[in-house]
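Single-structure report; data block below.
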Amino acid sequence: HTQTLAALYPEADSYEKLLMVCRKMRLPEDAQEEVFRRMVFNILANNTDDHNKNFSFLMNKEGRWSLAPAYDLTYIFNIGGYLPETTHCLMTRGKLSGHTKEDALAIARENGIRKAESIIHQVADAVANFRNFAERCGVKEQWTSAVESTLNRHLEGWGFTRDNSTSVSFELNGRHYSNVRVEQTYKGNYHLLADIDGKEHKFVIGRNKPEHATIRSVGTANLNEEQLKEMCGKYFSPHR
């Protein structure tokens, strides 16, 4: 026998209410830890399709409930198909987006989840290995890069820094470039972004530019300093 969270408690619109349902059903502590783990994963891995029909419970022949295995876990793009969807379905501390590590830890404290830090680090380690998983499964670089860029931002926002940072600084043609990076845009183009002598600059790299194919092949997260410097010299020249 299976029932979704939506069927058991239609008003469930937050992870806090999901955890409350677990307690009312007298699920063991490890089930509530698993709910917390899925919440952290959904935030860091950008599974925003986390509505109350995507959490279920199973009843055995003795009438005891348990948490059903996870399902419908996937990275969600917005309607444009290139940028991530940022609005979740279930709230976390009253928010549908912009969830912080502090929000997660607060939920853990309020719900008696004692292994919160350990769970967060385990999930972060798994999410950080996305590229390895994607390459093993034959995911096209275009999508690997788009997903990886979002995952990296989530990880960095939660304090998990990466050695291959996508933001670099250097001197070029007598000017100081900082926070140099490339980001995916809504229509499939890329933005070359840089602060030049303290002033923000942006250049749109469309499909007609040769760099577009390069970025698509290696991914925005894997551009090296020389590639970024070459693009800056070409598109941010003071003579353009």
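Labels used: A, B, ... for chains in the order of the structure tokens, numbers from 1 for residues in each chain, and numbers from 1 for ligands as shown.
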For stretch 139-238 of chain A versus stretch 37-60 of chain A, which residues have an atom no more than 10 Å away, and what is each residue's nearest atom pair and distance in Å rounded to one decimal, using only C-alpha atoms, chain-then-number order, as CSV?
```
residue,atom,partner,partner_atom,distance
A:Val147,CA,A:Ala45,CA,8.6
A:Glu148,CA,A:Ala45,CA,9.3
A:Thr150,CA,A:Asn46,CA,7.8
A:Leu151,CA,A:Ala45,CA,5.9
A:Asn152,CA,A:Leu44,CA,8.8
A:Arg153,CA,A:Leu44,CA,8.9
A:His154,CA,A:Leu44,CA,5.5
A:Leu155,CA,A:Leu44,CA,6.6
A:Glu156,CA,A:Leu44,CA,10.0
A:Gly157,CA,A:Leu44,CA,9.4
A:Trp158,CA,A:Leu44,CA,8.7
```
Among stretch 48-232 of chain A, which residues carry a DSSP assignment of helix (DSSP H, G or I), reported as a short mmCIF file (atom, residue, chain, number, x, y, z; two decimals) with N, CA and C atoms, in the first residue's frame?
```cif
data_model
loop_
_atom_site.label_atom_id
_atom_site.label_comp_id
_atom_site.auth_asym_id
_atom_site.auth_seq_id
_atom_site.Cartn_x
_atom_site.Cartn_y
_atom_site.Cartn_z
N LYS A 101 22.75 27.23 3.75
CA LYS A 101 23.15 26.15 4.65
C LYS A 101 22.60 26.41 6.05
N GLU A 102 22.55 27.68 6.44
CA GLU A 102 22.02 28.03 7.76
C GLU A 102 20.54 27.65 7.87
N ASP A 103 19.79 27.81 6.77
CA ASP A 103 18.38 27.38 6.77
C ASP A 103 18.28 25.88 7.04
N ALA A 104 19.12 25.12 6.37
CA ALA A 104 19.10 23.66 6.54
C ALA A 104 19.46 23.27 7.96
N LEU A 105 20.49 23.89 8.50
CA LEU A 105 20.91 23.56 9.86
C LEU A 105 19.84 23.95 10.88
N ALA A 106 19.14 25.04 10.62
CA ALA A 106 18.06 25.46 11.52
C ALA A 106 16.94 24.43 11.53
N ILE A 107 16.58 23.92 10.34
CA ILE A 107 15.55 22.88 10.26
C ILE A 107 16.01 21.63 11.02
N ALA A 108 17.28 21.30 10.89
CA ALA A 108 17.81 20.13 11.60
C ALA A 108 17.68 20.32 13.11
N ARG A 109 18.06 21.49 13.60
CA ARG A 109 17.96 21.74 15.04
C ARG A 109 16.50 21.66 15.51
N GLU A 110 15.59 22.24 14.74
CA GLU A 110 14.19 22.29 15.14
C GLU A 110 13.51 20.93 15.09
N ALA A 116 23.22 16.43 10.97
CA ALA A 116 23.00 17.36 9.86
C ALA A 116 24.29 17.71 9.11
N GLU A 117 25.33 18.09 9.84
CA GLU A 117 26.58 18.50 9.18
C GLU A 117 27.15 17.36 8.36
N SER A 118 27.14 16.15 8.92
CA SER A 118 27.67 14.98 8.21
C SER A 118 26.87 14.71 6.94
N ILE A 119 25.55 14.79 7.04
CA ILE A 119 24.69 14.55 5.88
C ILE A 119 24.95 15.59 4.80
N ILE A 120 25.05 16.86 5.19
CA ILE A 120 25.30 17.93 4.22
C ILE A 120 26.61 17.69 3.48
N HIS A 121 27.65 17.29 4.21
CA HIS A 121 28.95 17.06 3.56
C HIS A 121 28.89 15.85 2.62
N GLN A 122 28.16 14.81 3.01
CA GLN A 122 28.04 13.65 2.13
C GLN A 122 27.33 14.02 0.83
N VAL A 123 26.25 14.77 0.95
CA VAL A 123 25.51 15.18 -0.24
C VAL A 123 26.36 16.10 -1.11
N ALA A 124 27.05 17.05 -0.48
CA ALA A 124 27.90 17.98 -1.24
C ALA A 124 28.99 17.23 -2.00
N ASP A 125 29.59 16.22 -1.37
CA ASP A 125 30.62 15.42 -2.04
C ASP A 125 30.05 14.72 -3.28
N ALA A 126 28.84 14.20 -3.15
CA ALA A 126 28.22 13.52 -4.28
C ALA A 126 27.89 14.49 -5.40
N VAL A 127 27.31 15.63 -5.05
CA VAL A 127 26.94 16.63 -6.05
C VAL A 127 28.19 17.16 -6.76
N ALA A 128 29.28 17.32 -6.02
CA ALA A 128 30.53 17.83 -6.61
C ALA A 128 31.10 16.86 -7.65
N PHE A 130 29.37 15.43 -9.98
CA PHE A 130 28.41 15.32 -11.08
C PHE A 130 29.09 15.07 -12.43
N ARG A 131 30.16 15.81 -12.72
CA ARG A 131 30.80 15.66 -14.03
C ARG A 131 31.26 14.22 -14.24
N ASN A 132 31.82 13.60 -13.23
CA ASN A 132 32.25 12.21 -13.38
C ASN A 132 31.07 11.30 -13.69
N PHE A 133 29.94 11.50 -12.98
CA PHE A 133 28.76 10.70 -13.25
C PHE A 133 28.25 10.94 -14.67
N ALA A 134 28.22 12.23 -15.07
CA ALA A 134 27.68 12.58 -16.39
C ALA A 134 28.52 11.98 -17.51
N GLU A 135 29.84 12.06 -17.37
CA GLU A 135 30.72 11.51 -18.41
C GLU A 135 30.57 10.00 -18.50
N ARG A 136 30.41 9.35 -17.35
CA ARG A 136 30.23 7.90 -17.34
C ARG A 136 28.94 7.50 -18.06
N GLU A 141 28.28 17.30 -23.51
CA GLU A 141 29.01 18.34 -22.79
C GLU A 141 28.18 19.60 -22.60
N GLN A 142 27.36 19.93 -23.59
CA GLN A 142 26.52 21.13 -23.48
C GLN A 142 25.69 21.11 -22.20
N TRP A 143 25.12 19.95 -21.90
CA TRP A 143 24.24 19.85 -20.73
C TRP A 143 25.05 19.62 -19.47
N THR A 144 26.13 18.87 -19.59
CA THR A 144 27.00 18.68 -18.42
C THR A 144 27.49 20.03 -17.92
N SER A 145 27.92 20.89 -18.84
CA SER A 145 28.43 22.20 -18.47
C SER A 145 27.36 23.07 -17.84
N ALA A 146 26.17 23.06 -18.44
CA ALA A 146 25.08 23.90 -17.92
C ALA A 146 24.69 23.48 -16.51
N VAL A 147 24.57 22.17 -16.29
CA VAL A 147 24.20 21.67 -14.97
C VAL A 147 25.32 21.93 -13.97
N GLU A 148 26.55 21.62 -14.37
CA GLU A 148 27.69 21.75 -13.47
C GLU A 148 27.86 23.18 -12.98
N SER A 149 27.63 24.16 -13.85
CA SER A 149 27.77 25.56 -13.44
C SER A 149 26.83 25.90 -12.30
N THR A 150 25.59 25.42 -12.41
CA THR A 150 24.60 25.68 -11.35
C THR A 150 24.99 24.96 -10.06
N LEU A 151 25.38 23.70 -10.18
CA LEU A 151 25.75 22.94 -8.99
C LEU A 151 26.93 23.59 -8.27
N ASN A 152 27.90 24.07 -9.05
CA ASN A 152 29.05 24.74 -8.44
C ASN A 152 28.63 25.98 -7.68
N ARG A 153 27.70 26.75 -8.24
CA ARG A 153 27.23 27.96 -7.54
C ARG A 153 26.54 27.59 -6.24
N HIS A 154 25.73 26.54 -6.27
CA HIS A 154 25.06 26.11 -5.04
C HIS A 154 26.08 25.67 -4.00
N LEU A 155 27.06 24.88 -4.43
CA LEU A 155 28.07 24.39 -3.50
C LEU A 155 28.88 25.54 -2.90
N GLU A 156 29.27 26.48 -3.75
CA GLU A 156 30.05 27.63 -3.26
C GLU A 156 29.22 28.47 -2.31
N GLY A 157 27.91 28.60 -2.60
CA GLY A 157 27.03 29.35 -1.72
C GLY A 157 26.90 28.73 -0.34
N PRO A 210 33.27 32.33 -32.73
CA PRO A 210 34.01 31.06 -32.66
C PRO A 210 34.16 30.55 -31.23
N GLU A 211 34.19 31.46 -30.26
CA GLU A 211 34.36 31.04 -28.87
C GLU A 211 33.15 30.26 -28.35
N HIS A 212 31.99 30.45 -28.99
CA HIS A 212 30.78 29.77 -28.53
C HIS A 212 30.97 28.26 -28.56
N ALA A 213 31.53 27.76 -29.66
CA ALA A 213 31.75 26.31 -29.78
C ALA A 213 32.77 25.82 -28.76
N THR A 214 33.79 26.63 -28.50
CA THR A 214 34.81 26.26 -27.51
C THR A 214 34.21 26.14 -26.12
N ILE A 215 33.44 27.16 -25.74
CA ILE A 215 32.82 27.16 -24.42
C ILE A 215 31.88 25.97 -24.28
N ARG A 216 31.13 25.72 -25.34
CA ARG A 216 30.17 24.61 -25.30
C ARG A 216 30.89 23.28 -25.16
N SER A 217 32.07 23.16 -25.77
CA SER A 217 32.78 21.88 -25.75
C SER A 217 33.47 21.62 -24.42
N VAL A 218 34.02 22.67 -23.77
CA VAL A 218 34.75 22.45 -22.52
C VAL A 218 33.92 22.76 -21.29
N THR A 220 31.57 26.05 -19.20
CA THR A 220 31.91 27.33 -18.57
C THR A 220 32.76 27.13 -17.33
N ALA A 221 32.59 26.03 -16.63
CA ALA A 221 33.33 25.79 -15.39
C ALA A 221 34.76 25.35 -15.63
N ASN A 222 35.09 25.01 -16.88
CA ASN A 222 36.41 24.45 -17.15
C ASN A 222 37.28 25.32 -18.06
N GLU A 225 42.54 30.15 -17.46
CA GLU A 225 42.85 31.59 -17.42
C GLU A 225 43.29 32.11 -18.78
N GLU A 226 44.05 31.32 -19.53
CA GLU A 226 44.50 31.77 -20.84
C GLU A 226 43.33 31.96 -21.80
N GLN A 227 42.37 31.07 -21.75
CA GLN A 227 41.20 31.20 -22.61
C GLN A 227 40.38 32.44 -22.25
N LEU A 228 40.22 32.68 -20.96
CA LEU A 228 39.48 33.87 -20.51
C LEU A 228 40.24 35.15 -20.87
N LYS A 229 41.54 35.11 -20.71
CA LYS A 229 42.36 36.29 -21.03
C LYS A 229 42.28 36.60 -22.52
N GLU A 230 42.31 35.56 -23.36
CA GLU A 230 42.24 35.76 -24.80
C GLU A 230 40.90 36.38 -25.20
N MET A 231 39.82 35.90 -24.59
CA MET A 231 38.50 36.46 -24.90
C MET A 231 38.38 37.90 -24.42
N CYS A 232 38.94 38.20 -23.26
CA CYS A 232 38.90 39.57 -22.74
C CYS A 232 39.69 40.51 -23.64
#
```
Contacts of stretch 168-179 of chain A at 7 Å or less, counting only C-alpha atoms, minus same-chain residues fewer than 4 places along, as a PDB file with N, CA, C and O atoms, in the first residue's frame?
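As a result, result.pdb now contains:
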```
ATOM      1  N   ALA A 194      33.364  40.622 -16.635  1.00  0.00           N
ATOM      2  CA  ALA A 194      34.608  41.002 -15.979  1.00  0.00           C
ATOM      3  C   ALA A 194      34.470  42.388 -15.357  1.00  0.00           C
ATOM      4  O   ALA A 194      33.764  43.248 -15.891  1.00  0.00           O
ATOM      5  N   ASP A 195      35.121  42.585 -14.236  1.00  0.00           N
ATOM      6  CA  ASP A 195      35.268  43.917 -13.642  1.00  0.00           C
ATOM      7  C   ASP A 195      36.620  44.458 -14.112  1.00  0.00           C
ATOM      8  O   ASP A 195      37.668  43.889 -13.785  1.00  0.00           O
ATOM      9  N   ILE A 196      36.583  45.525 -14.905  1.00  0.00           N
ATOM     10  CA  ILE A 196      37.804  46.101 -15.469  1.00  0.00           C
ATOM     11  C   ILE A 196      38.068  47.426 -14.770  1.00  0.00           C
ATOM     12  O   ILE A 196      37.273  48.363 -14.865  1.00  0.00           O
ATOM     13  N   ASP A 197      39.171  47.470 -14.019  1.00  0.00           N
ATOM     14  CA  ASP A 197      39.501  48.659 -13.211  1.00  0.00           C
ATOM     15  C   ASP A 197      38.313  49.064 -12.346  1.00  0.00           C
ATOM     16  O   ASP A 197      37.984  50.243 -12.184  1.00  0.00           O
ATOM     17  N   GLU A 225      42.544  30.153 -17.456  1.00  0.00           N
ATOM     18  CA  GLU A 225      42.852  31.589 -17.421  1.00  0.00           C
ATOM     19  C   GLU A 225      43.285  32.110 -18.783  1.00  0.00           C
ATOM     20  O   GLU A 225      42.917  33.219 -19.176  1.00  0.00           O
TER      21      GLU A 225
END
```
Could you give me, as JSON, numbers by chain, the residues within 10 Å of stretch 14-30 of chain A, counting only C-alpha atoms and dropping anything in the same chain fewer than 4 positions from it?
{"A": [5, 6, 8, 9, 34, 35, 36, 38, 39, 50, 51, 52, 55, 57, 64, 65, 66, 67, 88, 89, 90, 91, 92, 93, 94, 95, 96, 107, 108, 110, 111, 112, 113, 114, 115]}
Where does DSSP see strand (DSSP E) in stretch 43-72 of chain A, if you list the residues as a list in words?
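Secondary structure check on stretch 43-72 of chain A, strand (DSSP E): Ser56, Phe57, Leu58, Met59, Trp65, Ser66 and Leu67 of chain A.
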Determine the nearest neighbour of A:Asn224 from the options A:Lys61, A:His1, A:Arg181, A:Lys140, counting only C-alpha atoms.
A:Arg181
